[in-house]
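Listing of model-v3.cif; format and content: mmCIF, C-alpha atoms.
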```cif
data_coords
#
loop_
_atom_site.label_atom_id
_atom_site.label_comp_id
_atom_site.auth_asym_id
_atom_site.auth_seq_id
_atom_site.Cartn_x
_atom_site.Cartn_y
_atom_site.Cartn_z
CA MET A 1 29.69 0.24 -18.33
CA SER A 2 27.20 0.24 -21.20
CA GLU A 3 28.42 0.82 -24.75
CA THR A 4 27.54 4.10 -26.44
CA THR A 5 27.27 4.45 -30.21
CA LEU A 6 27.17 7.65 -32.24
CA GLU A 7 26.08 6.88 -35.80
CA ILE A 8 26.22 9.37 -38.66
CA LYS A 9 24.59 8.23 -41.90
CA ASP A 10 24.63 9.96 -45.30
CA LEU A 11 24.89 13.38 -43.67
CA HIS A 12 24.41 16.38 -45.97
CA VAL A 13 24.83 19.88 -44.55
CA GLU A 14 24.36 23.32 -46.09
CA ILE A 15 25.13 26.86 -45.01
CA GLU A 16 23.56 29.72 -46.98
CA ASP A 17 22.67 27.31 -49.82
CA ASN A 18 26.26 26.12 -50.07
CA GLU A 19 26.51 22.35 -49.55
CA ILE A 20 29.45 21.59 -47.26
CA LEU A 21 28.94 17.96 -46.28
CA LYS A 22 27.91 15.67 -49.11
CA GLY A 23 27.19 12.33 -47.54
CA VAL A 24 29.30 11.62 -44.44
CA ASN A 25 29.10 8.16 -42.89
CA LEU A 26 30.82 7.49 -39.58
CA THR A 27 30.19 5.32 -36.51
CA ILE A 28 31.95 5.91 -33.18
CA LYS A 29 31.59 3.52 -30.25
CA SER A 30 32.70 3.66 -26.62
CA GLY A 31 36.45 3.46 -26.28
CA GLU A 32 37.11 4.14 -29.96
CA PHE A 33 39.21 7.09 -31.04
CA HIS A 34 38.67 8.27 -34.62
CA ALA A 35 40.92 10.92 -36.18
CA VAL A 36 39.61 12.97 -39.11
CA MET A 37 42.21 14.69 -41.26
CA GLY A 38 42.08 16.51 -44.57
CA PRO A 39 42.94 19.75 -46.38
CA ASN A 40 41.44 23.05 -45.26
CA GLY A 41 37.90 23.67 -46.41
CA THR A 42 36.77 20.06 -46.70
CA GLY A 43 34.11 20.07 -43.99
CA LYS A 44 35.81 18.77 -40.83
CA SER A 45 34.71 21.54 -38.48
CA THR A 46 31.32 21.64 -40.18
CA LEU A 47 30.88 17.99 -39.18
CA ALA A 48 31.61 18.85 -35.55
CA SER A 49 29.20 21.80 -35.59
CA ALA A 50 26.44 19.79 -37.24
CA VAL A 51 26.66 17.00 -34.66
CA MET A 52 26.38 19.51 -31.82
CA GLY A 53 23.51 21.46 -33.41
CA HIS A 54 25.01 24.77 -34.56
CA PRO A 55 22.05 26.81 -35.83
CA SER A 56 23.89 28.14 -38.90
CA PHE A 57 24.13 24.70 -40.47
CA GLU A 58 21.12 23.11 -42.14
CA ILE A 59 20.84 19.34 -42.28
CA THR A 60 19.32 18.58 -45.66
CA GLN A 61 19.70 14.80 -45.68
CA GLY A 62 20.85 11.93 -43.49
CA SER A 63 20.72 11.14 -39.80
CA ILE A 64 22.66 11.33 -36.56
CA THR A 65 21.73 8.96 -33.74
CA LEU A 66 23.10 8.37 -30.25
CA ASN A 67 22.25 4.91 -28.98
CA GLY A 68 19.43 4.86 -31.50
CA GLU A 69 17.94 8.19 -30.41
CA ASP A 70 17.53 10.93 -33.02
CA VAL A 71 20.13 13.59 -32.24
CA LEU A 72 18.71 15.95 -34.86
CA GLU A 73 15.51 16.23 -32.82
CA MET A 74 17.47 17.40 -29.76
CA GLU A 75 18.27 20.98 -28.80
CA VAL A 76 21.94 21.79 -28.19
CA ASP A 77 21.61 21.45 -24.41
CA GLU A 78 19.79 18.15 -24.81
CA ARG A 79 22.68 16.80 -26.89
CA ALA A 80 25.10 17.74 -24.13
CA ARG A 81 22.90 16.13 -21.47
CA ALA A 82 22.70 12.99 -23.61
CA GLY A 83 26.48 12.67 -23.45
CA LEU A 84 27.90 14.57 -26.43
CA PHE A 85 30.73 17.06 -25.94
CA LEU A 86 32.55 19.48 -28.23
CA ALA A 87 35.98 20.95 -27.46
CA MET A 88 35.83 23.94 -29.77
CA GLN A 89 38.50 25.15 -32.15
CA TYR A 90 37.83 28.73 -31.00
CA PRO A 91 36.39 28.64 -27.45
CA SER A 92 34.12 31.56 -26.59
CA GLU A 93 34.72 34.05 -23.80
CA ILE A 94 31.88 34.49 -21.30
CA SER A 95 32.21 37.58 -19.13
CA GLY A 96 30.61 37.46 -15.69
CA VAL A 97 30.66 33.65 -15.40
CA THR A 98 33.64 32.08 -13.66
CA THR A 99 35.13 28.85 -14.92
CA SER A 100 34.20 27.21 -11.62
CA ASP A 101 30.55 28.29 -11.79
CA PHE A 102 30.31 27.22 -15.42
CA LEU A 103 31.70 23.78 -14.65
CA ARG A 104 29.45 23.18 -11.65
CA SER A 105 26.34 24.32 -13.52
CA SER A 106 27.25 22.09 -16.47
CA ILE A 107 27.78 19.07 -14.24
CA ASN A 108 24.52 19.65 -12.40
CA ALA A 109 22.64 19.93 -15.71
CA ARG A 110 23.65 16.34 -16.46
CA ARG A 111 22.87 14.93 -13.00
CA GLU A 112 19.52 13.48 -12.01
CA GLU A 113 19.84 14.57 -8.36
CA GLU A 114 17.91 17.79 -7.74
CA ASP A 115 20.53 19.25 -5.38
CA GLY A 116 23.41 18.63 -7.80
CA ILE A 117 26.98 17.68 -7.04
CA PRO A 118 28.01 18.35 -3.40
CA LEU A 119 30.19 21.44 -3.19
CA MET A 120 33.16 19.80 -1.47
CA GLN A 121 33.13 16.89 -3.91
CA PHE A 122 33.10 19.35 -6.80
CA ILE A 123 35.99 21.40 -5.38
CA LYS A 124 38.10 18.29 -4.71
CA THR A 125 37.47 16.93 -8.22
CA MET A 126 38.14 20.27 -9.89
CA ASP A 127 41.34 20.89 -7.92
CA GLY A 128 42.64 17.47 -8.94
CA ALA A 129 41.83 18.11 -12.59
CA LEU A 130 43.50 21.53 -12.49
CA ASP A 131 46.65 19.99 -11.05
CA GLU A 132 46.70 17.21 -13.64
CA LEU A 133 46.40 19.72 -16.47
CA GLU A 134 48.98 22.00 -14.82
CA ILE A 135 46.48 24.86 -14.73
CA ASP A 136 46.86 27.63 -12.15
CA GLN A 137 44.23 27.16 -9.43
CA ASN A 138 43.30 30.85 -9.75
CA MET A 139 42.02 30.24 -13.28
CA ALA A 140 38.91 28.60 -11.84
CA GLN A 141 37.84 31.97 -10.42
CA ARG A 142 38.45 33.90 -13.63
CA TYR A 143 35.66 34.56 -16.11
CA LEU A 144 35.39 31.74 -18.63
CA ASN A 145 38.18 32.10 -21.22
CA GLU A 146 38.32 35.88 -20.73
CA GLY A 147 41.91 37.01 -21.19
CA PHE A 148 43.08 33.40 -21.57
CA SER A 149 45.88 32.62 -24.02
CA GLY A 150 45.16 30.19 -26.84
CA GLY A 151 46.85 27.39 -24.93
CA GLU A 152 44.97 28.20 -21.73
CA LYS A 153 41.67 28.05 -23.60
CA LYS A 154 42.52 24.61 -24.97
CA ARG A 155 43.52 23.30 -21.55
CA ASN A 156 40.25 24.70 -20.22
CA GLU A 157 38.33 22.72 -22.85
CA ILE A 158 39.98 19.52 -21.64
CA LEU A 159 39.27 20.52 -18.04
CA GLN A 160 35.60 20.55 -19.03
CA LEU A 161 36.00 17.15 -20.68
CA LYS A 162 37.48 15.69 -17.50
CA MET A 163 34.82 17.18 -15.26
CA LEU A 164 31.78 16.40 -17.43
CA GLN A 165 32.85 12.88 -18.49
CA PRO A 166 30.75 12.67 -21.67
CA GLU A 167 30.15 9.46 -23.57
CA ILE A 168 31.30 10.83 -26.95
CA ALA A 169 33.65 13.81 -27.38
CA ILE A 170 34.54 15.79 -30.48
CA LEU A 171 37.90 17.55 -30.25
CA ASP A 172 38.18 20.19 -32.97
CA GLU A 173 41.86 21.00 -33.49
CA ILE A 174 42.54 20.79 -29.77
CA ASP A 175 46.28 20.81 -30.53
CA SER A 176 46.33 24.27 -32.11
CA GLY A 177 47.94 26.87 -29.87
CA LEU A 178 49.68 24.29 -27.68
CA ASP A 179 53.43 24.12 -27.25
CA ILE A 180 55.16 20.75 -26.94
CA ASP A 181 54.86 20.52 -23.15
CA ALA A 182 51.21 21.59 -23.14
CA LEU A 183 50.43 19.10 -25.91
CA ARG A 184 51.85 16.29 -23.79
CA VAL A 185 49.87 17.35 -20.71
CA VAL A 186 46.61 17.70 -22.63
CA SER A 187 47.12 14.39 -24.45
CA ASP A 188 47.87 12.52 -21.22
CA SER A 189 44.67 13.90 -19.73
CA ILE A 190 42.58 12.85 -22.73
CA ASN A 191 44.08 9.36 -22.63
CA GLY A 192 43.30 9.24 -18.91
CA VAL A 193 39.62 10.03 -19.51
CA ARG A 194 39.51 7.29 -22.12
CA GLU A 195 40.92 4.74 -19.68
CA GLU A 196 38.67 5.84 -16.81
CA THR A 197 35.35 6.19 -18.60
CA GLY A 198 35.53 4.36 -21.95
CA LEU A 199 35.23 7.65 -23.80
CA GLY A 200 34.57 7.53 -27.54
CA CYS A 201 36.21 10.36 -29.43
CA LEU A 202 36.33 12.12 -32.79
CA ILE A 203 39.61 14.02 -33.14
CA ILE A 204 39.83 16.65 -35.87
CA THR A 205 43.44 17.57 -36.59
CA HIS A 206 45.82 18.59 -39.34
CA TYR A 207 48.94 17.18 -37.78
CA GLN A 208 50.45 13.83 -36.91
CA ARG A 209 52.10 15.35 -33.82
CA LEU A 210 48.91 15.06 -31.76
CA LEU A 211 48.49 11.45 -32.84
CA ASN A 212 51.99 10.69 -31.54
CA TYR A 213 50.50 11.17 -28.07
CA ILE A 214 46.92 9.99 -28.65
CA THR A 215 46.85 6.83 -30.74
CA PRO A 216 43.65 6.61 -32.82
CA ASP A 217 41.98 3.33 -33.66
CA PHE A 218 40.88 4.72 -37.01
CA VAL A 219 42.08 7.55 -39.25
CA HIS A 220 39.73 9.04 -41.85
CA VAL A 221 40.53 11.45 -44.67
CA MET A 222 37.86 13.99 -45.58
CA MET A 223 37.78 15.68 -48.98
CA GLN A 224 35.01 17.53 -50.78
CA GLY A 225 32.61 17.01 -47.90
CA ARG A 226 32.99 13.24 -47.69
CA ILE A 227 35.18 10.67 -46.00
CA VAL A 228 37.15 9.28 -48.92
CA LYS A 229 39.65 7.01 -47.21
CA SER A 230 40.00 5.24 -43.86
CA GLY A 231 42.76 3.27 -42.20
CA GLY A 232 44.72 2.83 -39.02
CA PRO A 233 47.35 5.03 -37.34
CA GLU A 234 49.76 4.31 -40.18
CA LEU A 235 47.56 6.35 -42.53
CA ALA A 236 48.18 9.51 -40.50
CA LYS A 237 51.94 8.92 -40.67
CA GLN A 238 51.72 8.49 -44.44
CA LEU A 239 49.78 11.74 -44.76
CA GLU A 240 52.40 13.53 -42.68
CA ALA A 241 55.14 12.24 -44.97
CA GLU A 242 53.43 12.48 -48.36
CA GLY A 243 50.55 14.97 -48.05
CA TYR A 244 47.19 14.48 -49.76
CA GLU A 245 48.07 14.55 -53.45
CA TRP A 246 48.45 10.78 -53.70
CA ILE A 247 44.90 10.31 -52.40
CA LYS A 248 43.56 12.84 -54.91
CA GLU A 249 45.34 11.02 -57.71
CA GLU A 250 44.27 7.60 -56.46
CA LEU A 251 40.60 8.60 -56.31
CA GLY A 252 40.57 11.04 -59.23
CA ILE A 253 39.65 13.98 -57.00
CA GLU A 254 40.09 17.44 -58.46
CA ASP A 255 42.04 19.97 -56.42
CA GLU A 256 39.17 21.95 -54.95
CA THR A 257 37.49 22.47 -51.59
CA VAL A 258 33.87 22.82 -50.57
CA GLY A 259 34.28 26.53 -49.99
CA GLN A 260 34.09 26.57 -46.21
CA LYS A 261 36.90 26.78 -43.68
CA ALA A 262 37.08 23.51 -41.78
#
```

Would you mind writing the structure in this file as structure tokens?
Amino acid sequence: MSETTLEIKDLHVEIEDNEILKGVNLTIKSGEFHAVMGPNGTGKSTLASAVMGHPSFEITQGSITLNGEDVLEMEVDERARAGLFLAMQYPSEISGVTTSDFLRSSINARREEEDGIPLMQFIKTMDGALDELEIDQNMAQRYLNEGFSGGEKKRNEILQLKMLQPEIAILDEIDSGLDIDALRVVSDSINGVREETGLGCLIITHYQRLLNYITPDFVHVMMQGRIVKSGGPELAKQLEAEGYEWIKEELGIEDETVGQKA
């Protein structure tokens, strides 16, 4: 299994002339799990969107590379084919496209074989993933996310992660909307993908509770559009106990955000 590296250097991002990211540096390698935490409005979700190529965000400075290739030169679909994946904070509903059809089309888009994944192999793999995530088998035949609860949408994002097996995944507040049992199921599945494929992952979260189930190798604190502090899992526990004020005081950061929900 070859090692994959996503490298973000001095990344500056604007939306409508408002600078959100102000020089983010971060490197994620195969098998590494990085958690990004921070107050609302500091640029966490903007970072996820910028990596995946959201058209509303303008990259004004810096670079993003995947195994040395320029990600910023890739279209959104090319980034996905290259091995990047985003589990969205607010997954979209797509009427007229079943979850099953969406998954098979997505898998085939990443495969080199012209005829795509054999149907029976796809069904067997999908059924196993549905069972592992404790998702009703009928959900595969429903339109993508249409009428799904918040928790069902999040489980469906992890279903996609399991089926697509990307090299680097970004999980944007995947724990929101999940009850305790669902959080355990989803976390176990994410950990399973990591063990099976050597997945590298960027986890955006506000809460230590997710990190009780998915142990990160690194924890980063984002404030004012930058990563201002990094550490191990113990940093997340300290943040849960003490909040962010001690970091602001330690670094002389004024109590303000970058003006964008993140």

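You will find CA of Phe57 (chain A) at 6.4 Å from CA of Val13 (chain A).
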
Within 8 Å of (31.0, 6.3, -36.5) in the file's own coordinates, which protein, DNA or RNA residues have an atom, counting all atoms listed in the file? List them as a short mmCIF file (atom, residue, chain, number, x, y, z; two decimals) with C-alpha atoms, keeping the file's coordinate frame.
```cif
data_model
loop_
_atom_site.label_atom_id
_atom_site.label_comp_id
_atom_site.auth_asym_id
_atom_site.auth_seq_id
_atom_site.Cartn_x
_atom_site.Cartn_y
_atom_site.Cartn_z
CA THR A 5 27.27 4.45 -30.21
CA LEU A 6 27.17 7.65 -32.24
CA GLU A 7 26.08 6.88 -35.80
CA ILE A 8 26.22 9.37 -38.66
CA ASN A 25 29.10 8.16 -42.89
CA LEU A 26 30.82 7.49 -39.58
CA THR A 27 30.19 5.32 -36.51
CA ILE A 28 31.95 5.91 -33.18
CA LYS A 29 31.59 3.52 -30.25
#
```

Could you give me, as a PyMOL selection string, the residues within 8 Å of Gln137 (chain A), counting only C-alpha atoms and dropping anything in the same chain fewer than 4 positions from it? chain A and resi 127+130-131

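With all atoms listed in the file as the basis for measurement, A:Ser49 is the residue among A:Ser49, A:Gln121, A:Gln61, A:Ser92 that approaches Val76 (chain A) most closely.
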
Can you pull out the residues contacting Asp101 (chain A)? Cut-off 12 Å, using only C-alpha atoms, and skip same-chain residues under 4 positions away; I want them as an mmCIF file with C-alpha atoms, in the frame of the given file.
```cif
data_model
loop_
_atom_site.group_PDB
_atom_site.id
_atom_site.type_symbol
_atom_site.label_atom_id
_atom_site.label_comp_id
_atom_site.auth_asym_id
_atom_site.auth_seq_id
_atom_site.Cartn_x
_atom_site.Cartn_y
_atom_site.Cartn_z
ATOM 1 C CA ILE A 94 31.880 34.490 -21.300
ATOM 2 C CA SER A 95 32.210 37.580 -19.130
ATOM 3 C CA GLY A 96 30.610 37.460 -15.690
ATOM 4 C CA VAL A 97 30.660 33.650 -15.400
ATOM 5 C CA SER A 105 26.340 24.320 -13.520
ATOM 6 C CA SER A 106 27.250 22.090 -16.470
ATOM 7 C CA ILE A 107 27.780 19.070 -14.240
ATOM 8 C CA ASN A 108 24.520 19.650 -12.400
ATOM 9 C CA LEU A 119 30.190 21.440 -3.190
ATOM 10 C CA PHE A 122 33.100 19.350 -6.800
ATOM 11 C CA ILE A 123 35.990 21.400 -5.380
ATOM 12 C CA MET A 126 38.140 20.270 -9.890
ATOM 13 C CA MET A 139 42.020 30.240 -13.280
ATOM 14 C CA ALA A 140 38.910 28.600 -11.840
ATOM 15 C CA GLN A 141 37.840 31.970 -10.420
ATOM 16 C CA ARG A 142 38.450 33.900 -13.630
ATOM 17 C CA TYR A 143 35.660 34.560 -16.110
ATOM 18 C CA LEU A 144 35.390 31.740 -18.630
ATOM 19 C CA GLN A 160 35.600 20.550 -19.030
#
```

**Prompt:** Could you write out as a PyMOL selection string the residues that the PyMOL selection byres ((chain A and resi 194) around 12) matches in the shown file?
**Reply:** chain A and resi 29-33+161-162+165-169+187-193+195-201+214-216

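Between Ala182 (chain A) and the residues A:Phe218, A:Pro55, A:Leu202, A:Glu132, the shortest atom-to-atom distance, using only C-alpha atoms, involves A:Glu132.
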
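Taking CA of Val221 (chain A) and CA of Gly38 (chain A) as endpoints, the distance between them is 5.3 Å.
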
Can you give me, as an mmCIF file with C-alpha atoms, keeping the file's coordinate frame, the residues this file yields under the PyMOL selection byres ((chain A and resi 207) around 10)?
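result_26.cif, freshly written:
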```cif
data_model
loop_
_atom_site.group_PDB
_atom_site.id
_atom_site.type_symbol
_atom_site.label_atom_id
_atom_site.label_comp_id
_atom_site.auth_asym_id
_atom_site.auth_seq_id
_atom_site.Cartn_x
_atom_site.Cartn_y
_atom_site.Cartn_z
ATOM 1 C CA MET A 37 42.210 14.690 -41.260
ATOM 2 C CA GLY A 38 42.080 16.510 -44.570
ATOM 3 C CA GLU A 173 41.860 21.000 -33.490
ATOM 4 C CA ASP A 175 46.280 20.810 -30.530
ATOM 5 C CA SER A 176 46.330 24.270 -32.110
ATOM 6 C CA ILE A 204 39.830 16.650 -35.870
ATOM 7 C CA THR A 205 43.440 17.570 -36.590
ATOM 8 C CA HIS A 206 45.820 18.590 -39.340
ATOM 9 C CA GLN A 208 50.450 13.830 -36.910
ATOM 10 C CA ARG A 209 52.100 15.350 -33.820
ATOM 11 C CA LEU A 210 48.910 15.060 -31.760
ATOM 12 C CA LEU A 211 48.490 11.450 -32.840
ATOM 13 C CA ASN A 212 51.990 10.690 -31.540
ATOM 14 C CA ALA A 236 48.180 9.510 -40.500
ATOM 15 C CA LYS A 237 51.940 8.920 -40.670
ATOM 16 C CA LEU A 239 49.780 11.740 -44.760
ATOM 17 C CA GLU A 240 52.400 13.530 -42.680
#
```

Once the PyMOL selection byres ((chain A and resi 50) around 12) has been applied to the shown file, what residues remain in the selection, as a PyMOL selection string?
chain A and resi 8+11-15+20-21+24+43-49+51-64+71-72+74-76+79+86+170

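Note that CA of Gln238 (chain A) and CA of Gly150 (chain A) are 28.7 Å apart.
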
Name the residues, using the chain letters and numbers of the file, that sit within 7 Å of (43.9, 20.6, -20.9) when counting only C-alpha atoms, and give them as a PyMOL selection string. chain A and resi 133+154-159+185-186+189

Output for the residues just chosen: C-alpha atoms as a short mmCIF file (atom, residue, chain, number, x, y, z; two decimals), keeping the file's coordinate frame:
```cif
data_model
loop_
_atom_site.label_atom_id
_atom_site.label_comp_id
_atom_site.auth_asym_id
_atom_site.auth_seq_id
_atom_site.Cartn_x
_atom_site.Cartn_y
_atom_site.Cartn_z
CA LEU A 133 46.40 19.72 -16.47
CA LYS A 154 42.52 24.61 -24.97
CA ARG A 155 43.52 23.30 -21.55
CA ASN A 156 40.25 24.70 -20.22
CA GLU A 157 38.33 22.72 -22.85
CA ILE A 158 39.98 19.52 -21.64
CA LEU A 159 39.27 20.52 -18.04
CA VAL A 185 49.87 17.35 -20.71
CA VAL A 186 46.61 17.70 -22.63
CA SER A 189 44.67 13.90 -19.73
#
```

| said: Can you tell me which residues surround Glu250 (chain A) at a distance of at most 12 Å, considering only C-alpha atoms, apart from same-chain residues fewer than 4 positions away, and format the answer as an MDAnalysis selection string? | reply: chainID A and resid 228:229 244:246 254

Expected file contents, prior selection, C-alpha atoms, as a compact mmCIF listing (two decimals), keeping the file's coordinate frame:
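File produced: result-v3.txt:
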```txt
# COMPACT_ATOMS: atom_id res chain seq x y z
CA VAL A 228 37.15 9.28 -48.92
CA LYS A 229 39.65 7.01 -47.21
CA TYR A 244 47.19 14.48 -49.76
CA GLU A 245 48.07 14.55 -53.45
CA TRP A 246 48.45 10.78 -53.70
CA GLU A 254 40.09 17.44 -58.46
```

For region 168-192 of chain A, where the input has fewer atoms than it should, I would like N, CA and C atoms rebuilt and written as a PDB file, in the frame of the given file.
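Okay, out_37.pdb is ready:
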```
ATOM      1  N   ILE A 168      30.631  10.613 -25.664  1.00  0.00           N
ATOM      2  CA  ILE A 168      31.300  10.830 -26.950  1.00  0.00           C
ATOM      3  C   ILE A 168      31.794  12.272 -27.001  1.00  0.00           C
ATOM      4  N   ALA A 169      33.077  12.466 -27.289  1.00  0.00           N
ATOM      5  CA  ALA A 169      33.650  13.810 -27.380  1.00  0.00           C
ATOM      6  C   ALA A 169      34.139  14.075 -28.795  1.00  0.00           C
ATOM      7  N   ILE A 170      33.982  15.324 -29.216  1.00  0.00           N
ATOM      8  CA  ILE A 170      34.540  15.790 -30.480  1.00  0.00           C
ATOM      9  C   ILE A 170      35.581  16.851 -30.130  1.00  0.00           C
ATOM     10  N   LEU A 171      36.806  16.629 -30.533  1.00  0.00           N
ATOM     11  CA  LEU A 171      37.900  17.550 -30.250  1.00  0.00           C
ATOM     12  C   LEU A 171      38.314  18.213 -31.558  1.00  0.00           C
ATOM     13  N   ASP A 172      37.942  19.481 -31.712  1.00  0.00           N
ATOM     14  CA  ASP A 172      38.180  20.190 -32.970  1.00  0.00           C
ATOM     15  C   ASP A 172      39.491  20.970 -32.886  1.00  0.00           C
ATOM     16  N   GLU A 173      40.528  20.399 -33.465  1.00  0.00           N
ATOM     17  CA  GLU A 173      41.860  21.000 -33.490  1.00  0.00           C
ATOM     18  C   GLU A 173      42.308  21.440 -32.091  1.00  0.00           C
ATOM     19  N   ILE A 174      42.188  20.496 -31.166  1.00  0.00           N
ATOM     20  CA  ILE A 174      42.540  20.790 -29.770  1.00  0.00           C
ATOM     21  C   ILE A 174      44.031  21.053 -29.628  1.00  0.00           C
ATOM     22  N   ASP A 175      44.837  20.637 -30.608  1.00  0.00           N
ATOM     23  CA  ASP A 175      46.280  20.810 -30.530  1.00  0.00           C
ATOM     24  C   ASP A 175      46.754  22.185 -30.983  1.00  0.00           C
ATOM     25  N   SER A 176      45.899  22.959 -31.647  1.00  0.00           N
ATOM     26  CA  SER A 176      46.330  24.270 -32.110  1.00  0.00           C
ATOM     27  C   SER A 176      46.541  25.206 -30.923  1.00  0.00           C
ATOM     28  N   GLY A 177      47.639  25.943 -30.956  1.00  0.00           N
ATOM     29  CA  GLY A 177      47.940  26.870 -29.870  1.00  0.00           C
ATOM     30  C   GLY A 177      48.676  26.255 -28.704  1.00  0.00           C
ATOM     31  N   LEU A 178      48.980  24.962 -28.775  1.00  0.00           N
ATOM     32  CA  LEU A 178      49.680  24.290 -27.680  1.00  0.00           C
ATOM     33  C   LEU A 178      51.155  24.114 -28.015  1.00  0.00           C
ATOM     34  N   ASP A 179      52.017  24.422 -27.044  1.00  0.00           N
ATOM     35  CA  ASP A 179      53.430  24.120 -27.250  1.00  0.00           C
ATOM     36  C   ASP A 179      53.656  22.639 -26.931  1.00  0.00           C
ATOM     37  N   ILE A 180      54.879  22.185 -27.066  1.00  0.00           N
ATOM     38  CA  ILE A 180      55.160  20.750 -26.940  1.00  0.00           C
ATOM     39  C   ILE A 180      54.805  20.232 -25.550  1.00  0.00           C
ATOM     40  N   ASP A 181      55.162  20.981 -24.509  1.00  0.00           N
ATOM     41  CA  ASP A 181      54.860  20.520 -23.150  1.00  0.00           C
ATOM     42  C   ASP A 181      53.362  20.494 -22.887  1.00  0.00           C
ATOM     43  N   ALA A 182      52.654  21.540 -23.342  1.00  0.00           N
ATOM     44  CA  ALA A 182      51.210  21.590 -23.140  1.00  0.00           C
ATOM     45  C   ALA A 182      50.513  20.481 -23.925  1.00  0.00           C
ATOM     46  N   LEU A 183      51.012  20.172 -25.110  1.00  0.00           N
ATOM     47  CA  LEU A 183      50.430  19.100 -25.910  1.00  0.00           C
ATOM     48  C   LEU A 183      50.537  17.769 -25.175  1.00  0.00           C
ATOM     49  N   ARG A 184      51.670  17.528 -24.542  1.00  0.00           N
ATOM     50  CA  ARG A 184      51.850  16.290 -23.790  1.00  0.00           C
ATOM     51  C   ARG A 184      50.878  16.218 -22.613  1.00  0.00           C
ATOM     52  N   VAL A 185      50.756  17.324 -21.871  1.00  0.00           N
ATOM     53  CA  VAL A 185      49.870  17.350 -20.710  1.00  0.00           C
ATOM     54  C   VAL A 185      48.422  17.119 -21.115  1.00  0.00           C
ATOM     55  N   VAL A 186      47.983  17.826 -22.153  1.00  0.00           N
ATOM     56  CA  VAL A 186      46.610  17.700 -22.630  1.00  0.00           C
ATOM     57  C   VAL A 186      46.349  16.281 -23.140  1.00  0.00           C
ATOM     58  N   SER A 187      47.288  15.737 -23.895  1.00  0.00           N
ATOM     59  CA  SER A 187      47.120  14.390 -24.450  1.00  0.00           C
ATOM     60  C   SER A 187      47.040  13.347 -23.344  1.00  0.00           C
ATOM     61  N   ASP A 188      47.910  13.469 -22.347  1.00  0.00           N
ATOM     62  CA  ASP A 188      47.870  12.520 -21.220  1.00  0.00           C
ATOM     63  C   ASP A 188      46.518  12.565 -20.525  1.00  0.00           C
ATOM     64  N   SER A 189      45.964  13.758 -20.390  1.00  0.00           N
ATOM     65  CA  SER A 189      44.670  13.900 -19.730  1.00  0.00           C
ATOM     66  C   SER A 189      43.561  13.252 -20.538  1.00  0.00           C
ATOM     67  N   ILE A 190      43.583  13.458 -21.854  1.00  0.00           N
ATOM     68  CA  ILE A 190      42.580  12.850 -22.730  1.00  0.00           C
ATOM     69  C   ILE A 190      42.677  11.326 -22.668  1.00  0.00           C
ATOM     70  N   ASN A 191      43.892  10.805 -22.731  1.00  0.00           N
ATOM     71  CA  ASN A 191      44.080   9.360 -22.630  1.00  0.00           C
ATOM     72  C   ASN A 191      43.580   8.844 -21.279  1.00  0.00           C
ATOM     73  N   GLY A 192      43.773   9.638 -20.226  1.00  0.00           N
ATOM     74  CA  GLY A 192      43.300   9.240 -18.910  1.00  0.00           C
ATOM     75  C   GLY A 192      41.788   9.128 -18.846  1.00  0.00           C
TER      76      GLY A 192
END
```
